[in-house]
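**Student:** Got a structure for you, questions after.
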Amino acid sequence: MKYVIALLGLAVVLGFAWIASSDKKNIKFRPIVVMIALQIVLGLILLKTSIGELLVRGFADGFAKILNFANEGTDFVFGGIVNEGIHSFFFHVLMPIVFMSVLIGILQHYKILPFIIKYIGLALSKINGMGKLESYNAVASAILGQNEVFISIKKQIGLLPRQRLYTLCASAMSTVSMSIVGSYMTMLKPEYVVAALVLNLFGGFIISSIVNPYRVQPEEDILAEQEETKQTFFEMLGEYILDGFKVVVIVGVMLVGFVALISMINGIFSGIFGISFQNILGYVLAPFAFLMGVPWHESIQAGSIMATKIVANEFVAMLDFVKIQGDFSERTRAIVSVFLISFANFGSIGTIVGAVKGLNEKQGNVVAGFGLKLLYGAALVSFLSATIIGLVF
C-alpha cells in the first residue's frame with residue numbers, strides 16, 4: 001500500500017508542477033523520466049545498500065572530524081562561556097560554518113572546486129537536457145551557496161533570458177550550501193542529509209523542466225569562466241573567515257527574529273482560536289505529508305514542521321523537529337528530514353533577489369517578478385525528494 005500512496009504522491013507533485021508550467025507543449029518528458037528513475041536508484045543505493053552505507057559513513061565521519069576541528073577554534077575563543085556538557089546552538093551548530101567556509105576558500109584558491117563543479121556540471125547536462133550553464137549552476141549552488149553562486153557566473157547574468165534565469169535561481173533555492181551541511185548533521189541523521197543533497201540536485205532539474213521548459217540553442221550554450229582577482233593565500237583566508245562569520249551572524253539573528261515571531265503568532269492564535277498557528281499549518285499540509293509516505297496519525301505534526309520550514313527557514317523547522325522527532329517512526333523521520341534540507345522558504349526570495357540585483361539591477365527586478373513562482377518550484381523540489389524517500393524507504 002505504501003508504494004501506491006508514494007506513486008500517487010509523485011503524480012500529485014508532478015501534477016502541481018504541470019499546472020504552473022509556462023509552456024506545457026514544450027515539456028521534454030524523456031529527461032524527466034530518466035532523472036526520476038535516477039532519483040529512485042540513488043535513493044535505494046544511499047539508504048538500502050551496504051555501498052550506500054559505506055559512502056554515507058565516510059561522508060559523515062569526514063564531517064564529524066571537520067566539526068571537531070571547528071570546535072577546537074570555537075573552544076579556544078569562547079571556552080568558558082558555555083557550561084561544560086551544555087549544547088549551545090550558536091557555538092556548536094553555527095560557528096563550525098566559519099571553518100567550513102575556510103575549507104571552501106582553500107579549495108577555490110587552488111582551483112580544485114571550479115574543476116569539480118565544471119566537469120560534474122558538464123556530465124549532468126548530458127542527462128538533464130538543459131544547458132551547460134544550468135548544470136554548472138546547480139552543482140555550484142550545492143557547494144558555494146545560493147548567494148555566492150551568482151558571483152561565479154556574473155559575466156553571463158545580464159545576457160540571460162527570463163526562462164534561464166528562473167532555472168538558475170530555482171537551483172540555488174532548491175539546494176543548500178556545503179558550508180552549513182555539517183551544521184545540519186548535528187541535528188539530523190547524516191544519511192538523510194546526504195540523500196537530500198543528491199535528490200534535490202536532480203529534483204531541481206525535474207521541476208524546472210516542467211514549470212519552466214525551454215530549449216537552449218548551441219550558440220547560447222556557453223559557460224564563461226569567471227576570472228578572479230589574484231589574492232595571496234592569507235588574503236583569501238581572511239576573506240573567507242570573515243564571510244563565514246557573516247553567515248553565522250546572519251543565520252543567528254534571523255533565527256532570533258523568526259523563532260520569536262512564530263512564538264508570538266502561536267500565542268495569539270492559541271489565545272483567540274485555542275489552536276496554534278503551526279498546528280493550523282499542520283492540518284493544511286497533512287494531506288501532502290500523507291502522500292509523501294507519512295502515516296496519517298503522524299501527518300499533522302509532520303505537516304506543521306514542513307510548513308515552518310517554508311514560512312520561516314530550515315533551521316527553525318529543524319529546531320522544532322529535534323524536540324519531537326522521538327514521536328515519529330523512522331520512515332517519517334527520514335521523509336521529514338529530507339524535506340527540510342533546502343533553502344525553499346519566503347526569506348530566500350529576498351536573499352536571491354538581493355544577490356542578483358547586486359550584480360545586475362535589471363535582472364534582479366526580473367527575479368523579483370517571479371519570486372513567488374520561484375518558491376513554488378523550490379518547495380515542489382522538497383516535496384519530490386521527500387516523496388522519493390517515502391517510495392524507497
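Just remember, in the C-alpha cells the first chain shown is A, the second B, etc., residues are 1-based per chain, and ligands are 1-based in the order shown.
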Tell me which protein, DNA and RNA residues are within 8 Å of Gly182 (chain A), counting only C-alpha atoms, leaving out same-chain ones fewer than 6 positions away, and put them as a compact mmCIF listing (two decimals) with C-alpha atoms, in the first residue's frame.
**Tutor:**
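Saved file out_39.txt follows:
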# COMPACT_ATOMS: atom_id res chain seq x y z
CA PHE A 63 32.26 15.96 8.55
CA ALA A 64 32.50 14.77 12.16
CA LEU A 67 33.31 19.66 13.20
CA VAL A 93 25.91 24.31 15.26
CA PRO A 96 31.52 25.48 12.50
CA ILE A 97 30.27 27.32 9.40
**Student:** Could you give me, as a list in words, the residues within 12 Å of Arg30 (chain A), counting only C-alpha atoms and dropping anything in the same chain fewer than 2 positions from it?
**Tutor:**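 Listing them by chain and then by number gives Asn26, Ile27, Lys28, Ile32, Val33, Val34, Met35, Ile36, Ala37, Ile127, Asn128, Gly129, Ile206, Ser209 and Ile210 of chain A.
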**Student:** I need the residues from that last selection saved to file as a compact mmCIF listing (two decimals), in the first residue's frame (with N, CA, C and O atoms), if you can.
**Tutor:**
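Here's the written file selection_30.txt:
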# COMPACT_ATOMS: atom_id res chain seq x y z
N ASN A 26 6.00 22.27 -24.71
CA ASN A 26 7.43 22.04 -24.94
C ASN A 26 8.13 21.31 -23.79
O ASN A 26 9.36 21.31 -23.71
N ILE A 27 7.36 20.69 -22.91
CA ILE A 27 7.98 19.90 -21.84
C ILE A 27 8.65 18.67 -22.44
O ILE A 27 8.04 17.93 -23.22
N LYS A 28 9.91 18.45 -22.09
CA LYS A 28 10.66 17.29 -22.58
C LYS A 28 10.55 16.17 -21.55
O LYS A 28 11.20 16.22 -20.50
N ILE A 32 13.01 13.90 -17.96
CA ILE A 32 12.32 13.89 -16.66
C ILE A 32 12.17 12.47 -16.15
O ILE A 32 12.45 12.17 -14.97
N VAL A 33 11.74 11.55 -17.02
CA VAL A 33 11.59 10.14 -16.63
C VAL A 33 12.94 9.55 -16.23
O VAL A 33 13.04 8.85 -15.22
N VAL A 34 13.98 9.86 -16.99
CA VAL A 34 15.32 9.35 -16.68
C VAL A 34 15.78 9.85 -15.31
O VAL A 34 16.33 9.08 -14.50
N MET A 35 15.56 11.13 -15.03
CA MET A 35 16.02 11.71 -13.76
C MET A 35 15.23 11.18 -12.57
O MET A 35 15.79 10.97 -11.48
N ILE A 36 13.92 10.94 -12.75
CA ILE A 36 13.13 10.35 -11.66
C ILE A 36 13.63 8.93 -11.37
O ILE A 36 13.77 8.54 -10.21
N ALA A 37 13.91 8.18 -12.44
CA ALA A 37 14.46 6.83 -12.26
C ALA A 37 15.81 6.89 -11.53
O ALA A 37 16.08 6.07 -10.64
N ILE A 127 22.47 14.50 -19.17
CA ILE A 127 21.34 13.75 -18.62
C ILE A 127 20.07 14.58 -18.58
O ILE A 127 18.99 14.10 -18.93
N ASN A 128 20.21 15.84 -18.17
CA ASN A 128 19.01 16.63 -17.88
C ASN A 128 18.41 17.37 -19.07
O ASN A 128 17.34 17.96 -18.97
N GLY A 129 19.09 17.37 -20.21
CA GLY A 129 18.56 18.02 -21.40
C GLY A 129 18.58 19.53 -21.33
O GLY A 129 17.93 20.21 -22.12
N ILE A 206 14.21 18.45 -12.58
CA ILE A 206 12.91 17.87 -12.94
C ILE A 206 11.81 18.92 -12.86
O ILE A 206 11.04 19.11 -13.82
N SER A 209 12.18 21.70 -15.41
CA SER A 209 11.88 21.22 -16.77
C SER A 209 10.38 21.22 -17.04
O SER A 209 9.95 21.32 -18.20
N ILE A 210 9.58 21.10 -15.98
CA ILE A 210 8.12 21.10 -16.14
C ILE A 210 7.56 22.51 -15.99
O ILE A 210 6.78 22.97 -16.84
**Student:** Can you work out which one of A:Gln39, A:Val193, A:Arg215, A:Ser177 has the shortest atom-to-atom distance to Arg164 (chain A), counting only C-alpha atoms?
**Tutor:** A:Arg215
**Student:** Applying 8 Å and only C-alpha atoms, which residues near region 273-288 of chain A remain after dropping the ones on its own chain fewer than 4 positions away? List them as a list of chain:residue names.
**Tutor:**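 Here the qualifying residues turn out to be A:Gly9, A:Ile265, A:Asn266, A:Gly267, A:Ile268, A:Phe269, A:Met292, A:Trp296, A:Ser299, A:Ile300, A:Gln301, A:Ala302, A:Gly303, A:Ser304, A:Ile305, A:Met306, A:Ala307, A:Thr308.
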**Student:** Could you pull out all residues of region 83-146 of chain A with a DSSP call of helix (DSSP H, G or I) and give them as a ChimeraX atom specification?
**Tutor:** /A:89-94,96-109,112-128,132-144
**Student:** Excluding Cys169 (chain A) and its own-chain neighbours fewer than 4 positions away, which residues fall within 10 Å of it when counting only C-alpha atoms? Please give them as a PyMOL selection string.
**Tutor:** chain A and resi 134+137-138+141+146-147+149-150+164-165+173-174+349+352-353+356+367+371+374-375+378
**Student:** Smallest atom-to-atom distance to Met318 (chain A): which of A:Leu340, A:Leu55, A:Leu144, A:Val253, using only C-alpha atoms?
**Tutor:**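 Once distances to Met318 (chain A) are computed over only C-alpha atoms, the minimum belongs to A:Leu340.
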**Student:** Applying 10 Å and only C-alpha atoms, which residues near Val176 (chain A) remain after dropping the ones on its own chain fewer than 5 positions away? List them as a list of chain:residue names.
**Tutor:**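 Those residues are A:Ser141, A:Ala142, A:Ile143, A:Leu144, A:Gly145, A:Gln146, A:Ser171, A:Val181, A:Ala196, A:Leu197, A:Asn200, A:Leu201, A:Ile341, A:Ser342, A:Phe343, A:Ala344.
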**Student:** For the residues in the current selection, export N, CA, C and O atoms as a PDB file, in the first residue's frame.
**Tutor:**
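Done, and the output landed in selection00.pdb:
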ATOM      1  N   SER A 141      25.766  25.729  -6.806  1.00  0.00           N
ATOM      2  CA  SER A 141      24.862  26.162  -5.729  1.00  0.00           C
ATOM      3  C   SER A 141      24.967  25.231  -4.528  1.00  0.00           C
ATOM      4  O   SER A 141      24.937  25.676  -3.378  1.00  0.00           O
ATOM      5  N   ALA A 142      25.066  23.927  -4.803  1.00  0.00           N
ATOM      6  CA  ALA A 142      25.133  22.939  -3.731  1.00  0.00           C
ATOM      7  C   ALA A 142      26.444  23.008  -2.957  1.00  0.00           C
ATOM      8  O   ALA A 142      26.529  22.507  -1.839  1.00  0.00           O
ATOM      9  N   ILE A 143      27.451  23.645  -3.540  1.00  0.00           N
ATOM     10  CA  ILE A 143      28.753  23.736  -2.872  1.00  0.00           C
ATOM     11  C   ILE A 143      28.999  25.141  -2.335  1.00  0.00           C
ATOM     12  O   ILE A 143      29.364  25.327  -1.175  1.00  0.00           O
ATOM     13  N   LEU A 144      28.768  26.141  -3.166  1.00  0.00           N
ATOM     14  CA  LEU A 144      29.107  27.512  -2.790  1.00  0.00           C
ATOM     15  C   LEU A 144      28.000  28.211  -2.008  1.00  0.00           C
ATOM     16  O   LEU A 144      28.281  29.063  -1.161  1.00  0.00           O
ATOM     17  N   GLY A 145      26.724  27.876  -2.309  1.00  0.00           N
ATOM     18  CA  GLY A 145      25.615  28.545  -1.644  1.00  0.00           C
ATOM     19  C   GLY A 145      24.818  29.396  -2.608  1.00  0.00           C
ATOM     20  O   GLY A 145      25.278  29.734  -3.700  1.00  0.00           O
ATOM     21  N   GLN A 146      23.588  29.775  -2.202  1.00  0.00           N
ATOM     22  CA  GLN A 146      22.665  30.431  -3.121  1.00  0.00           C
ATOM     23  C   GLN A 146      23.036  31.872  -3.437  1.00  0.00           C
ATOM     24  O   GLN A 146      22.555  32.424  -4.423  1.00  0.00           O
ATOM     25  N   SER A 171      17.462  26.477  -8.894  1.00  0.00           N
ATOM     26  CA  SER A 171      18.517  25.565  -8.440  1.00  0.00           C
ATOM     27  C   SER A 171      19.142  26.067  -7.149  1.00  0.00           C
ATOM     28  O   SER A 171      19.408  25.293  -6.224  1.00  0.00           O
ATOM     29  N   VAL A 181      26.303  22.193   5.739  1.00  0.00           N
ATOM     30  CA  VAL A 181      25.896  20.784   5.808  1.00  0.00           C
ATOM     31  C   VAL A 181      26.303  20.166   7.136  1.00  0.00           C
ATOM     32  O   VAL A 181      25.554  19.393   7.741  1.00  0.00           O
ATOM     33  N   ALA A 196      19.309  13.888   0.695  1.00  0.00           N
ATOM     34  CA  ALA A 196      18.657  15.131   0.272  1.00  0.00           C
ATOM     35  C   ALA A 196      19.527  15.920  -0.698  1.00  0.00           C
ATOM     36  O   ALA A 196      19.027  16.469  -1.689  1.00  0.00           O
ATOM     37  N   LEU A 197      20.826  15.983  -0.428  1.00  0.00           N
ATOM     38  CA  LEU A 197      21.727  16.722  -1.307  1.00  0.00           C
ATOM     39  C   LEU A 197      21.686  16.170  -2.726  1.00  0.00           C
ATOM     40  O   LEU A 197      21.636  16.917  -3.709  1.00  0.00           O
ATOM     41  N   ASN A 200      17.866  16.466  -4.301  1.00  0.00           N
ATOM     42  CA  ASN A 200      17.498  17.849  -4.626  1.00  0.00           C
ATOM     43  C   ASN A 200      18.184  18.335  -5.896  1.00  0.00           C
ATOM     44  O   ASN A 200      17.624  19.163  -6.638  1.00  0.00           O
ATOM     45  N   LEU A 201      19.388  17.845  -6.135  1.00  0.00           N
ATOM     46  CA  LEU A 201      20.119  18.241  -7.340  1.00  0.00           C
ATOM     47  C   LEU A 201      19.326  17.868  -8.584  1.00  0.00           C
ATOM     48  O   LEU A 201      19.096  18.698  -9.478  1.00  0.00           O
ATOM     49  N   ILE A 341      15.828  19.866   4.099  1.00  0.00           N
ATOM     50  CA  ILE A 341      17.166  20.263   3.648  1.00  0.00           C
ATOM     51  C   ILE A 341      17.107  20.963   2.286  1.00  0.00           C
ATOM     52  O   ILE A 341      17.318  20.360   1.227  1.00  0.00           O
ATOM     53  N   SER A 342      16.750  22.225   2.326  1.00  0.00           N
ATOM     54  CA  SER A 342      16.852  23.108   1.160  1.00  0.00           C
ATOM     55  C   SER A 342      16.588  24.528   1.649  1.00  0.00           C
ATOM     56  O   SER A 342      16.194  24.733   2.791  1.00  0.00           O
ATOM     57  N   PHE A 343      16.810  25.493   0.768  1.00  0.00           N
ATOM     58  CA  PHE A 343      16.574  26.894   1.113  1.00  0.00           C
ATOM     59  C   PHE A 343      15.198  27.375   0.656  1.00  0.00           C
ATOM     60  O   PHE A 343      14.983  28.580   0.482  1.00  0.00           O
ATOM     61  N   ALA A 344      14.256  26.455   0.435  1.00  0.00           N
ATOM     62  CA  ALA A 344      12.928  26.830  -0.067  1.00  0.00           C
ATOM     63  C   ALA A 344      12.099  27.455   1.051  1.00  0.00           C
ATOM     64  O   ALA A 344      11.382  26.767   1.778  1.00  0.00           O
TER      65      ALA A 344
END
**Student:** Rank A:Ile180, A:Val338, A:Ile324, A:Val366 by their smallest atom-to-atom distance to Val248 (chain A), using only C-alpha atoms, and report the top residue only.
**Tutor:** A:Ile180
**Student:** To one decimal place, how far is CA of His109 (chain A) from CA of Lys246 (chain A) in Å?
**Tutor:**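 According to the coordinates, CA of His109 (chain A) and CA of Lys246 (chain A) are separated by 19.8 Å.
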**Student:** Need the shell around Phe69 (chain A): protein/DNA/RNA residues with any atom at most 12 Å away, counting only C-alpha atoms. Skip same-chain ones fewer than 6 positions apart. Format as a list in words?
**Tutor:**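 That gives Gly62, Phe63, Asp75, Phe76, His92, Met95, Pro96, Ile97, Val98, Phe99, Met100, Val102, Leu103 and Gly182 of chain A.
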**Student:** Which one of A:Tyr376, A:Gly252, A:Leu10, A:Tyr110 sits closest to Lys230 (chain A) if you count only C-alpha atoms?
**Tutor:**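 Of all the options, A:Tyr110 lies closest to Lys230 (chain A).
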**Student:** Once you count only C-alpha atoms, what closest atom pair and distance in Å to one decimal does each residue of region 116-214 of chain A within 10 Å of region 330-337 of chain A have, with rows by chain and rising residue number, as JSON lines?
**Tutor:**
{"residue": "A:Tyr184", "atom": "CA", "partner": "A:Ser337", "partner_atom": "CA", "distance": 9.7}
{"residue": "A:Met187", "atom": "CA", "partner": "A:Ser337", "partner_atom": "CA", "distance": 9.5}
{"residue": "A:Leu188", "atom": "CA", "partner": "A:Ser337", "partner_atom": "CA", "distance": 6.6}
{"residue": "A:Lys189", "atom": "CA", "partner": "A:Ser337", "partner_atom": "CA", "distance": 8.0}
{"residue": "A:Pro190", "atom": "CA", "partner": "A:Ser337", "partner_atom": "CA", "distance": 9.9}
{"residue": "A:Glu191", "atom": "CA", "partner": "A:Ala334", "partner_atom": "CA", "distance": 8.9}
{"residue": "A:Tyr192", "atom": "CA", "partner": "A:Ala334", "partner_atom": "CA", "distance": 6.1}
{"residue": "A:Val193", "atom": "CA", "partner": "A:Ser337", "partner_atom": "CA", "distance": 7.3}
{"residue": "A:Ala195", "atom": "CA", "partner": "A:Ala334", "partner_atom": "CA", "distance": 9.6}
{"residue": "A:Ala196", "atom": "CA", "partner": "A:Ser337", "partner_atom": "CA", "distance": 8.2}
**Student:** For a quick check of understanding, using only C-alpha atoms, which of A:Val216, A:Met185, A:Leu261, A:Val139 has the smallest distance to Pro161 (chain A)?
**Tutor:**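 Result for the nearest residue to Pro161 (chain A): A:Val216.
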**Student:** Under the rule that only C-alpha atoms are counted, which of A:Gly347, A:Gly43, A:Pro213, A:Gly364 is the nearest residue to Ile250 (chain A)?
**Tutor:** A:Gly347
**Student:** Quote the spacing between CA of Leu384 (chain A) and CA of Val13 (chain A) in Å to one decimal place.
**Tutor:**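 These two atoms are separated by 6.3 Å.
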